[in-house]
>>> print(open('entry_6.cif').read())   # mmCIF, C-alpha atoms
data_my_file
loop_
_atom_site.label_atom_id
_atom_site.label_comp_id
_atom_site.auth_asym_id
_atom_site.auth_seq_id
_atom_site.Cartn_x
_atom_site.Cartn_y
_atom_site.Cartn_z
CA MET A 1 58.70 33.11 49.68
CA LYS A 2 55.28 31.87 50.82
CA THR A 3 53.59 34.80 49.21
CA HIS A 4 55.51 34.15 46.07
CA CYS A 5 54.50 30.46 46.13
CA GLY A 6 50.89 31.43 46.65
CA ILE A 7 50.95 33.67 43.61
CA ILE A 8 52.65 30.99 41.51
CA ARG A 9 50.14 28.35 42.57
CA ASP A 10 47.36 30.67 41.51
CA LEU A 11 49.04 30.91 38.11
CA ILE A 12 49.83 27.19 37.72
CA PRO A 13 46.31 26.21 36.41
CA LEU A 14 46.60 28.89 33.72
CA TYR A 15 50.16 27.82 33.06
CA VAL A 16 49.10 24.19 32.58
CA GLU A 17 46.39 25.26 30.16
CA ASN A 18 48.79 27.55 28.20
CA MET A 19 46.79 30.67 28.99
CA LEU A 20 49.59 32.88 30.36
CA SER A 21 51.54 35.58 28.63
CA PRO A 22 55.19 34.84 27.79
CA GLN A 23 56.36 37.03 30.70
CA SER A 24 54.15 35.15 33.17
CA VAL A 25 55.26 31.80 31.75
CA ALA A 26 58.91 32.79 32.27
CA LEU A 27 58.14 33.85 35.83
CA VAL A 28 56.38 30.56 36.66
CA GLU A 29 59.06 28.39 35.07
CA GLU A 30 61.83 30.28 36.86
CA HIS A 31 60.08 29.67 40.16
CA LEU A 32 59.42 25.97 39.40
CA LYS A 33 63.15 25.45 38.92
CA GLU A 34 63.75 26.54 42.49
CA CYS A 35 60.57 25.32 44.30
CA GLU A 36 60.01 21.58 44.45
CA ASP A 37 56.55 21.88 46.05
CA CYS A 38 55.26 24.12 43.30
CA ARG A 39 56.94 21.94 40.69
CA CYS A 40 55.23 18.84 42.06
CA ASP A 41 51.93 20.73 42.10
CA ALA A 42 52.43 21.76 38.48
CA GLU A 43 53.31 18.19 37.43
CA GLU A 44 50.23 16.86 39.18
CA GLN A 45 48.00 19.40 37.48
CA LYS A 46 49.59 18.57 34.13
CA LYS A 47 48.82 14.88 34.69
CA ASN A 48 45.26 15.74 35.59
CA GLU A 49 44.99 17.94 32.53
CA ARG A 50 46.32 15.19 30.24
CA TYR A 51 43.94 12.70 31.83
CA ALA A 52 41.01 15.07 31.42
CA ALA A 53 42.00 15.69 27.79
CA GLN A 54 42.24 11.94 27.18
CA MET A 55 38.88 11.32 28.81
CA ASN A 56 37.35 14.12 26.79
CA THR A 57 38.80 12.64 23.59
CA GLU A 58 37.41 9.22 24.48
CA TYR A 59 34.06 10.75 25.36
CA VAL A 60 33.93 12.61 22.05
CA SER A 61 34.93 9.43 20.23
CA GLN A 62 32.22 7.44 22.02
CA ALA A 63 29.70 10.18 21.33
CA ASP A 64 30.63 10.09 17.64
CA GLN A 65 30.28 6.30 17.65
CA ILE A 66 26.86 6.56 19.28
CA LYS A 67 25.81 9.18 16.74
CA GLY A 68 27.08 6.97 13.92
CA PHE A 69 25.25 3.96 15.36
CA ARG A 70 22.02 5.95 15.70
CA LYS A 71 22.37 7.19 12.15
CA LYS A 72 22.92 3.63 10.88
CA LEU A 73 19.97 2.42 12.95
CA ARG A 74 17.75 5.18 11.58
CA THR A 75 18.87 4.37 8.03
CA ARG A 76 18.14 0.68 8.58
CA LYS A 77 14.70 1.48 9.95
CA ILE A 78 13.95 3.60 6.88
CA ILE A 79 15.19 0.80 4.60
CA ILE A 80 13.07 -1.75 6.48
CA ILE A 81 9.98 0.46 6.20
CA ILE A 82 10.59 0.97 2.47
CA LEU A 83 11.07 -2.78 1.98
CA GLN A 84 7.87 -3.47 3.92
CA ILE A 85 5.97 -1.01 1.71
CA VAL A 86 7.44 -2.55 -1.45
CA LEU A 87 6.61 -6.06 -0.18
CA PHE A 88 3.06 -4.98 0.66
CA VAL A 89 2.60 -3.45 -2.79
CA LEU A 90 4.00 -6.60 -4.43
CA ILE A 91 1.69 -8.83 -2.38
CA ILE A 92 -1.39 -6.75 -3.14
CA GLY A 93 -0.38 -6.37 -6.78
CA GLY A 94 0.30 -10.09 -7.06
CA TYR A 95 -3.03 -10.91 -5.44
CA LEU A 96 -4.96 -8.58 -7.73
CA PHE A 97 -3.06 -9.77 -10.80
CA GLY A 98 -3.61 -13.40 -9.81
CA GLN A 99 -7.28 -12.77 -9.19
CA MET A 100 -7.59 -11.01 -12.52
CA ALA A 101 -5.76 -13.84 -14.27
CA CYS A 102 -8.02 -16.41 -12.60
CA ASP A 103 -11.06 -14.42 -13.60
CA ARG A 104 -9.86 -14.26 -17.18
CA LEU A 105 -9.06 -17.98 -17.29
CA LYS A 106 -12.29 -19.00 -15.59
CA PRO A 107 -14.48 -20.84 -18.11
CA THR A 108 -17.91 -19.46 -18.96
CA LYS A 109 -20.89 -21.54 -17.90
CA ILE A 110 -23.64 -21.72 -20.51
CA ASP A 111 -26.94 -23.34 -19.61
CA TYR A 112 -29.71 -23.35 -22.21
CA GLY A 113 -32.11 -25.03 -19.77
CA THR A 114 -35.39 -26.62 -20.68
CA SER A 115 -38.58 -24.96 -21.86
CA GLU A 116 -42.10 -25.64 -23.09
CA LEU A 117 -42.33 -22.10 -24.51
CA HIS A 118 -39.11 -21.80 -26.47
CA SER A 119 -37.32 -24.19 -28.72
CA LEU A 120 -33.71 -25.11 -28.01
CA ASN A 121 -32.72 -23.14 -31.08
CA ASP A 122 -34.47 -19.99 -29.77
CA ARG A 123 -32.80 -20.38 -26.37
CA LYS A 124 -29.41 -20.81 -28.01
CA LEU A 125 -29.95 -17.79 -30.26
CA ALA A 126 -31.00 -15.63 -27.31
CA ILE A 127 -28.08 -16.70 -25.09
CA ASN A 128 -25.57 -16.38 -27.94
CA TYR A 129 -26.89 -12.87 -28.61
CA MET A 130 -26.29 -11.94 -24.96
CA ARG A 131 -22.83 -13.53 -24.97
CA ASP A 132 -21.80 -11.64 -28.09
CA MET A 133 -23.12 -8.38 -26.69
CA LEU A 134 -21.27 -8.72 -23.37
CA GLU A 135 -18.01 -9.85 -24.94
CA LYS A 136 -18.25 -7.02 -27.48
CA ASN A 137 -18.28 -4.65 -24.50
CA GLN A 138 -15.11 -6.39 -23.22
CA GLU A 139 -16.93 -7.79 -20.21
CA LYS A 140 -15.72 -11.05 -18.71
CA LEU A 141 -18.65 -13.45 -18.80
CA TYR A 142 -18.97 -16.05 -16.01
CA SER A 143 -22.36 -17.59 -16.71
CA LEU A 144 -25.42 -17.31 -18.93
CA VAL A 145 -28.52 -19.26 -17.99
CA TYR A 146 -32.02 -19.48 -19.42
CA ALA A 147 -34.12 -18.12 -16.54
CA GLY A 148 -37.15 -20.30 -17.17
CA ASP A 149 -40.66 -20.18 -18.58
CA ASP A 150 -42.19 -18.46 -15.53
CA TYR A 151 -39.94 -15.43 -15.87
CA SER A 152 -40.56 -15.24 -19.60
CA SER A 153 -44.33 -15.49 -19.14
CA TYR A 154 -44.36 -12.78 -16.48
CA GLU A 155 -42.27 -10.38 -18.60
CA ALA A 156 -44.44 -11.13 -21.65
CA SER A 157 -47.55 -10.11 -19.70
CA LYS A 158 -45.94 -6.75 -18.93
CA TYR A 159 -45.36 -6.10 -22.63
CA SER A 160 -48.66 -7.68 -23.75
CA VAL A 161 -46.96 -10.04 -26.20
CA PRO A 162 -47.03 -13.83 -26.52
CA PRO A 163 -44.71 -15.60 -24.04
CA GLU A 164 -42.93 -17.23 -26.97
CA ASP A 165 -41.66 -13.79 -28.02
CA ILE A 166 -39.96 -13.04 -24.66
CA ILE A 167 -36.93 -14.75 -23.13
CA VAL A 168 -35.32 -13.87 -19.79
CA VAL A 169 -31.62 -14.67 -19.41
CA HIS A 170 -29.69 -14.66 -16.14
CA ALA A 171 -26.11 -13.39 -16.58
CA VAL A 172 -23.13 -13.07 -14.22
CA TYR A 173 -20.22 -11.06 -15.59
CA ARG A 174 -17.49 -8.58 -14.71
CA GLY A 175 -17.13 -5.20 -16.38
CA ILE A 176 -16.46 -1.51 -15.85
CA PRO A 177 -19.68 0.36 -15.00
CA TYR A 178 -20.48 3.46 -17.01
CA TYR A 179 -20.51 5.56 -13.82
CA SER A 180 -16.97 4.56 -12.77
CA ASP A 181 -14.34 7.30 -12.88
CA LEU A 182 -11.49 5.04 -11.69
CA ASN A 183 -11.77 2.43 -14.43
CA ILE A 184 -12.34 -0.28 -11.79
CA SER A 185 -14.37 -3.32 -12.81
CA GLU A 186 -17.28 -4.74 -10.85
CA GLU A 187 -19.14 -8.03 -10.88
CA PHE A 188 -22.74 -7.89 -12.03
CA ASP A 189 -25.59 -10.33 -11.44
CA ARG A 190 -28.38 -9.33 -13.80
CA GLY A 191 -31.41 -10.53 -15.62
CA PHE A 192 -31.82 -9.53 -19.27
CA VAL A 193 -35.18 -9.44 -21.05
CA LEU A 194 -35.00 -10.23 -24.77
CA LYS A 195 -37.80 -9.83 -27.31
CA LYS A 196 -38.11 -11.39 -30.73
CA ASP A 197 -38.36 -8.75 -33.45
CA GLU A 198 -40.25 -8.91 -36.74
CA ASN A 199 -37.33 -10.72 -38.37
CA GLY A 200 -37.33 -13.44 -35.73
CA ASP A 201 -34.09 -12.21 -34.13
CA TRP A 202 -33.66 -11.67 -30.41
CA CYS A 203 -32.81 -8.19 -29.10
CA GLY A 204 -32.50 -6.80 -25.60
CA ILE A 205 -35.30 -4.58 -24.30
CA ASP A 206 -34.68 -4.46 -20.53
CA SER A 207 -32.29 -5.49 -17.77
CA GLY A 208 -32.08 -5.29 -14.00
CA ASP A 209 -30.40 -6.54 -10.86
CA TRP A 210 -31.23 -10.23 -10.71
CA ARG A 211 -31.67 -10.11 -6.92
CA LEU A 212 -34.45 -7.55 -7.40
CA MET A 213 -36.27 -9.45 -10.10
CA ARG A 214 -39.35 -11.32 -8.87
CA LEU A 215 -42.11 -13.16 -10.63
CA HIS A 216 -44.64 -11.30 -8.52
CA PRO A 217 -42.95 -8.15 -7.16
CA ASP A 218 -46.23 -6.91 -5.59
CA ASP A 219 -46.51 -9.95 -3.30
#
>>> encode(input="entry_6.cif", output="structure tokens")
Amino acid sequence: MKTHCGIIRDLIPLYVENMLSPQSVALVEEHLKECEDCRCDAEEQKKNERYAAQMNTEYVSQADQIKGFRKKLRTRKIIIIILQIVLFVLIIGGYLFGQMACDRLKPTKIDYGTSELHSLNDRKLAINYMRDMLEKNQEKLYSLVYAGDDYSSYEASKYSVPPEDIIVVHAVYRGIPYYSDLNISEEFDRGFVLKKDENGDWCGIDSGDWRLMRLHPDD
């Protein structure tokens, strides 16, 4: 009987897990009807098996919930990053657009200055010529100023012509440089040298970075 119980108890774990053949199942169940100790052992193992199955189900469910939460968290992070990028682009775009709009709406400063060499009419004609030329090139003009008699006299000496026939104009404007491949505008601060032609009209003959222009560059 003891040997028989020992064999049955070895089979009970497989019996509980439904891993026995029909013949072995019949043998175990026949014995359990007669042996209370083995029956109690089988019931206990069944309880443990059900508990383990329940715990496993809960664990799987919790694992699925954690996976779902991580997936949602990852999705939210991606959405937040995308929104941050969009917001950044909107801010930069808005800033550039606002700056461009302000530049376009900014009034142009025209200063004909005073001169003992050139009449007011000549200064106006020269500055208007420069304004028309820059605007024709679709460049946003900020200021045009008569540079003064000293600049005109110095430039006239370089060309060996009377000072009255040379006018230097200081211009600040924004435009796209000819060397730009990206179509990005730049701000320019330049001096333009204008010469009076045989018809008495002003025309441009030279230009340069205003910061590099000096009355006496050799000093």
>>> residues_near_point(input="entry_6.cif", point="(-19.1, -15.8, -22.3)", cutoff="6 Å", atoms="all atoms listed in the file", output="PyMOL selection string")
chain A and resi 108+131+141
>>> atom_distance(input="entry_6.cif", atom1="CA of Ile184 in chain A", atom2="CA of Lys136 in chain A")
18.1 Å
>>> resolve_selection(input="entry_6.cif", expression="the PyMOL selection byres ((chain A and resi 49) around 12)", output="PyMOL selection string")
chain A and resi 12-18+42-48+50-56
>>> write_last_selection(input="entry_6.cif", atoms="C-alpha atoms", output="short mmCIF file (atom, residue, chain, number, x, y, z; two decimals), in the coordinates of the input")
data_model
loop_
_atom_site.label_atom_id
_atom_site.label_comp_id
_atom_site.auth_asym_id
_atom_site.auth_seq_id
_atom_site.Cartn_x
_atom_site.Cartn_y
_atom_site.Cartn_z
CA ILE A 12 49.83 27.19 37.72
CA PRO A 13 46.31 26.21 36.41
CA LEU A 14 46.60 28.89 33.72
CA TYR A 15 50.16 27.82 33.06
CA VAL A 16 49.10 24.19 32.58
CA GLU A 17 46.39 25.26 30.16
CA ASN A 18 48.79 27.55 28.20
CA ALA A 42 52.43 21.76 38.48
CA GLU A 43 53.31 18.19 37.43
CA GLU A 44 50.23 16.86 39.18
CA GLN A 45 48.00 19.40 37.48
CA LYS A 46 49.59 18.57 34.13
CA LYS A 47 48.82 14.88 34.69
CA ASN A 48 45.26 15.74 35.59
CA ARG A 50 46.32 15.19 30.24
CA TYR A 51 43.94 12.70 31.83
CA ALA A 52 41.01 15.07 31.42
CA ALA A 53 42.00 15.69 27.79
CA GLN A 54 42.24 11.94 27.18
CA MET A 55 38.88 11.32 28.81
CA ASN A 56 37.35 14.12 26.79
#
>>> resolve_selection(input="entry_6.cif", expression="the PyMOL selection byres ((chain A and resi 186-203) around 8)", output="VMD selection string")
chain A and resid 125 to 126 129 155 165 to 177 184 to 185 204 to 211 213
>>> closest_residue(input="entry_6.cif", among="A:Met130, A:Ile78, A:Glu164, A:Ala156", to="His118 in chain A", atoms="only C-alpha atoms")
A:Glu164
>>> atom_distance(input="entry_6.cif", atom1="CA of Ile8 in chain A", atom2="CA of Gln23 in chain A")
12.9 Å
>>> atom_distance(input="entry_6.cif", atom1="CA of Val145 in chain A", atom2="CA of Gly113 in chain A")
7.0 Å
>>> resolve_selection(input="entry_6.cif", expression="the PyMOL selection byres ((chain A and resi 110) around 8)", output="number ranges by chain")
A: 108-109, 111-112, 143-145
>>> closest_residue(input="entry_6.cif", among="A:Val25, A:Leu117, A:Leu20, A:Cys38", to="Cys5 in chain A", atoms="all atoms listed in the file")
A:Cys38
>>> decode(input="entry_6.cif", residues="range 51-189 of chain A", atoms="C-alpha atoms", output="PDB file, in the first residue's frame")
ATOM      1  CA  TYR A  51      -3.192  29.817  -7.340  1.00  0.00           C
ATOM      2  CA  ALA A  52      -0.076  29.696  -9.497  1.00  0.00           C
ATOM      3  CA  ALA A  53      -2.215  29.950 -12.639  1.00  0.00           C
ATOM      4  CA  GLN A  54      -4.076  32.922 -11.174  1.00  0.00           C
ATOM      5  CA  MET A  55      -0.846  34.621 -10.169  1.00  0.00           C
ATOM      6  CA  ASN A  56       0.586  33.977 -13.601  1.00  0.00           C
ATOM      7  CA  THR A  57      -2.534  35.463 -15.211  1.00  0.00           C
ATOM      8  CA  GLU A  58      -2.290  38.532 -12.996  1.00  0.00           C
ATOM      9  CA  TYR A  59       1.412  38.842 -13.724  1.00  0.00           C
ATOM     10  CA  VAL A  60       0.792  38.617 -17.467  1.00  0.00           C
ATOM     11  CA  SER A  61      -2.004  41.172 -17.141  1.00  0.00           C
ATOM     12  CA  GLN A  62       0.249  43.533 -15.175  1.00  0.00           C
ATOM     13  CA  ALA A  63       3.052  42.999 -17.668  1.00  0.00           C
ATOM     14  CA  ASP A  64       0.659  43.857 -20.508  1.00  0.00           C
ATOM     15  CA  GLN A  65      -0.466  46.958 -18.621  1.00  0.00           C
ATOM     16  CA  ILE A  66       3.146  48.017 -18.083  1.00  0.00           C
ATOM     17  CA  LYS A  67       3.898  47.442 -21.765  1.00  0.00           C
ATOM     18  CA  GLY A  68       0.814  49.445 -22.712  1.00  0.00           C
ATOM     19  CA  PHE A  69       1.806  52.242 -20.336  1.00  0.00           C
ATOM     20  CA  ARG A  70       5.354  52.317 -21.721  1.00  0.00           C
ATOM     21  CA  LYS A  71       4.000  52.409 -25.250  1.00  0.00           C
ATOM     22  CA  LYS A  72       1.670  55.296 -24.373  1.00  0.00           C
ATOM     23  CA  LEU A  73       4.533  57.091 -22.613  1.00  0.00           C
ATOM     24  CA  ARG A  74       6.806  56.617 -25.622  1.00  0.00           C
ATOM     25  CA  THR A  75       4.046  57.882 -27.938  1.00  0.00           C
ATOM     26  CA  ARG A  76       3.503  60.923 -25.722  1.00  0.00           C
ATOM     27  CA  LYS A  77       7.222  61.665 -25.695  1.00  0.00           C
ATOM     28  CA  ILE A  78       7.308  61.493 -29.487  1.00  0.00           C
ATOM     29  CA  ILE A  79       4.262  63.784 -29.703  1.00  0.00           C
ATOM     30  CA  ILE A  80       5.855  66.232 -27.246  1.00  0.00           C
ATOM     31  CA  ILE A  81       9.100  66.273 -29.238  1.00  0.00           C
ATOM     32  CA  ILE A  82       7.185  66.851 -32.485  1.00  0.00           C
ATOM     33  CA  LEU A  83       5.176  69.657 -30.868  1.00  0.00           C
ATOM     34  CA  GLN A  84       8.384  71.226 -29.542  1.00  0.00           C
ATOM     35  CA  ILE A  85       9.917  71.108 -33.029  1.00  0.00           C
ATOM     36  CA  VAL A  86       6.774  72.607 -34.574  1.00  0.00           C
ATOM     37  CA  LEU A  87       6.686  75.314 -31.886  1.00  0.00           C
ATOM     38  CA  PHE A  88      10.367  76.079 -32.449  1.00  0.00           C
ATOM     39  CA  VAL A  89       9.834  76.349 -36.210  1.00  0.00           C
ATOM     40  CA  LEU A  90       6.804  78.599 -35.668  1.00  0.00           C
ATOM     41  CA  ILE A  91       8.745  80.843 -33.275  1.00  0.00           C
ATOM     42  CA  ILE A  92      11.732  81.144 -35.602  1.00  0.00           C
ATOM     43  CA  GLY A  93       9.473  81.577 -38.632  1.00  0.00           C
ATOM     44  CA  GLY A  94       7.403  84.181 -36.808  1.00  0.00           C
ATOM     45  CA  TYR A  95      10.526  86.022 -35.710  1.00  0.00           C
ATOM     46  CA  LEU A  96      12.004  86.053 -39.208  1.00  0.00           C
ATOM     47  CA  PHE A  97       8.679  87.020 -40.767  1.00  0.00           C
ATOM     48  CA  GLY A  98       8.190  89.772 -38.183  1.00  0.00           C
ATOM     49  CA  GLN A  99      11.711  91.032 -38.734  1.00  0.00           C
ATOM     50  CA  MET A 100      11.192  90.994 -42.480  1.00  0.00           C
ATOM     51  CA  ALA A 101       7.877  92.809 -42.112  1.00  0.00           C
ATOM     52  CA  CYS A 102       9.484  95.417 -39.847  1.00  0.00           C
ATOM     53  CA  ASP A 103      12.304  95.854 -42.320  1.00  0.00           C
ATOM     54  CA  ARG A 104       9.833  96.331 -45.146  1.00  0.00           C
ATOM     55  CA  LEU A 105       7.737  98.811 -43.162  1.00  0.00           C
ATOM     56  CA  LYS A 106      10.739 100.730 -41.872  1.00  0.00           C
ATOM     57  CA  PRO A 107      10.773 104.192 -43.463  1.00  0.00           C
ATOM     58  CA  THR A 108      13.736 105.254 -45.571  1.00  0.00           C
ATOM     59  CA  LYS A 109      15.863 108.080 -44.223  1.00  0.00           C
ATOM     60  CA  ILE A 110      16.930 110.590 -46.857  1.00  0.00           C
ATOM     61  CA  ASP A 111      19.426 113.288 -45.931  1.00  0.00           C
ATOM     62  CA  TYR A 112      20.578 115.678 -48.651  1.00  0.00           C
ATOM     63  CA  GLY A 113      22.965 117.402 -46.243  1.00  0.00           C
ATOM     64  CA  THR A 114      24.678 120.702 -46.844  1.00  0.00           C
ATOM     65  CA  SER A 115      27.410 121.523 -49.320  1.00  0.00           C
ATOM     66  CA  GLU A 116      29.518 124.355 -50.700  1.00  0.00           C
ATOM     67  CA  LEU A 117      30.425 122.249 -53.754  1.00  0.00           C
ATOM     68  CA  HIS A 118      27.044 120.974 -54.898  1.00  0.00           C
ATOM     69  CA  SER A 119      23.718 122.650 -55.176  1.00  0.00           C
ATOM     70  CA  LEU A 120      20.711 121.185 -53.381  1.00  0.00           C
ATOM     71  CA  ASN A 121      19.316 120.205 -56.765  1.00  0.00           C
ATOM     72  CA  ASP A 122      22.498 118.252 -57.642  1.00  0.00           C
ATOM     73  CA  ARG A 123      22.441 116.484 -54.273  1.00  0.00           C
ATOM     74  CA  LYS A 124      18.791 115.574 -54.739  1.00  0.00           C
ATOM     75  CA  LEU A 125      19.395 114.310 -58.271  1.00  0.00           C
ATOM     76  CA  ALA A 126      22.333 112.180 -57.135  1.00  0.00           C
ATOM     77  CA  ILE A 127      20.492 110.685 -54.150  1.00  0.00           C
ATOM     78  CA  ASN A 128      17.324 110.086 -56.185  1.00  0.00           C
ATOM     79  CA  TYR A 129      19.429 108.315 -58.816  1.00  0.00           C
ATOM     80  CA  MET A 130      20.859 106.010 -56.137  1.00  0.00           C
ATOM     81  CA  ARG A 131      17.417 105.392 -54.624  1.00  0.00           C
ATOM     82  CA  ASP A 132      15.931 104.472 -57.989  1.00  0.00           C
ATOM     83  CA  MET A 133      18.847 102.175 -58.769  1.00  0.00           C
ATOM     84  CA  LEU A 134      18.629 100.295 -55.450  1.00  0.00           C
ATOM     85  CA  GLU A 135      14.846  99.971 -55.525  1.00  0.00           C
ATOM     86  CA  LYS A 136      15.010  98.807 -59.146  1.00  0.00           C
ATOM     87  CA  ASN A 137      17.208  95.953 -57.883  1.00  0.00           C
ATOM     88  CA  GLN A 138      14.499  95.162 -55.286  1.00  0.00           C
ATOM     89  CA  GLU A 139      16.764  96.166 -52.420  1.00  0.00           C
ATOM     90  CA  LYS A 140      15.195  97.513 -49.251  1.00  0.00           C
ATOM     91  CA  LEU A 141      16.658 100.962 -48.682  1.00  0.00           C
ATOM     92  CA  TYR A 142      17.150 102.163 -45.086  1.00  0.00           C
ATOM     93  CA  SER A 143      19.065 105.405 -45.555  1.00  0.00           C
ATOM     94  CA  LEU A 144      20.725 107.587 -48.164  1.00  0.00           C
ATOM     95  CA  VAL A 145      22.944 110.423 -47.006  1.00  0.00           C
ATOM     96  CA  TYR A 146      25.126 112.959 -48.782  1.00  0.00           C
ATOM     97  CA  ALA A 147      28.596 112.019 -47.510  1.00  0.00           C
ATOM     98  CA  GLY A 148      30.003 115.546 -47.522  1.00  0.00           C
ATOM     99  CA  ASP A 149      32.319 117.815 -49.464  1.00  0.00           C
ATOM    100  CA  ASP A 150      35.532 116.247 -48.122  1.00  0.00           C
ATOM    101  CA  TYR A 151      34.675 112.825 -49.510  1.00  0.00           C
ATOM    102  CA  SER A 152      33.648 114.307 -52.839  1.00  0.00           C
ATOM    103  CA  SER A 153      36.854 116.348 -53.095  1.00  0.00           C
ATOM    104  CA  TYR A 154      39.033 113.347 -52.268  1.00  0.00           C
ATOM    105  CA  GLU A 155      37.305 111.127 -54.857  1.00  0.00           C
ATOM    106  CA  ALA A 156      37.493 113.917 -57.451  1.00  0.00           C
ATOM    107  CA  SER A 157      41.270 114.111 -56.977  1.00  0.00           C
ATOM    108  CA  LYS A 158      41.537 110.395 -57.733  1.00  0.00           C
ATOM    109  CA  TYR A 159      39.713 110.865 -61.040  1.00  0.00           C
ATOM    110  CA  SER A 160      41.352 114.236 -61.824  1.00  0.00           C
ATOM    111  CA  VAL A 161      38.018 115.995 -62.307  1.00  0.00           C
ATOM    112  CA  PRO A 162      36.520 119.071 -60.637  1.00  0.00           C
ATOM    113  CA  PRO A 163      35.013 118.339 -57.186  1.00  0.00           C
ATOM    114  CA  GLU A 164      31.677 119.664 -58.435  1.00  0.00           C
ATOM    115  CA  ASP A 165      31.474 116.694 -60.826  1.00  0.00           C
ATOM    116  CA  ILE A 166      31.809 114.042 -58.070  1.00  0.00           C
ATOM    117  CA  ILE A 167      29.335 113.214 -55.306  1.00  0.00           C
ATOM    118  CA  VAL A 168      29.777 110.520 -52.651  1.00  0.00           C
ATOM    119  CA  VAL A 169      26.596 109.034 -51.176  1.00  0.00           C
ATOM    120  CA  HIS A 170      26.421 106.854 -48.068  1.00  0.00           C
ATOM    121  CA  ALA A 171      23.769 104.119 -48.367  1.00  0.00           C
ATOM    122  CA  VAL A 172      22.457 101.460 -45.967  1.00  0.00           C
ATOM    123  CA  TYR A 173      20.223  98.838 -47.553  1.00  0.00           C
ATOM    124  CA  ARG A 174      19.296  95.163 -47.547  1.00  0.00           C
ATOM    125  CA  GLY A 175      19.545  92.944 -50.609  1.00  0.00           C
ATOM    126  CA  ILE A 176      20.603  89.558 -51.931  1.00  0.00           C
ATOM    127  CA  PRO A 177      24.313  89.537 -52.830  1.00  0.00           C
ATOM    128  CA  TYR A 178      25.268  88.267 -56.266  1.00  0.00           C
ATOM    129  CA  TYR A 179      27.456  85.556 -54.692  1.00  0.00           C
ATOM    130  CA  SER A 180      24.620  84.079 -52.592  1.00  0.00           C
ATOM    131  CA  ASP A 181      23.445  80.599 -53.564  1.00  0.00           C
ATOM    132  CA  LEU A 182      20.768  80.412 -50.833  1.00  0.00           C
ATOM    133  CA  ASN A 183      18.833  83.525 -51.830  1.00  0.00           C
ATOM    134  CA  ILE A 184      19.429  85.006 -48.347  1.00  0.00           C
ATOM    135  CA  SER A 185      19.516  88.777 -48.046  1.00  0.00           C
ATOM    136  CA  GLU A 186      22.220  90.751 -46.264  1.00  0.00           C
ATOM    137  CA  GLU A 187      22.501  94.283 -44.969  1.00  0.00           C
ATOM    138  CA  PHE A 188      25.013  96.503 -46.726  1.00  0.00           C
ATOM    139  CA  ASP A 189      26.695  99.698 -45.553  1.00  0.00           C
TER     140      ASP A 189
END
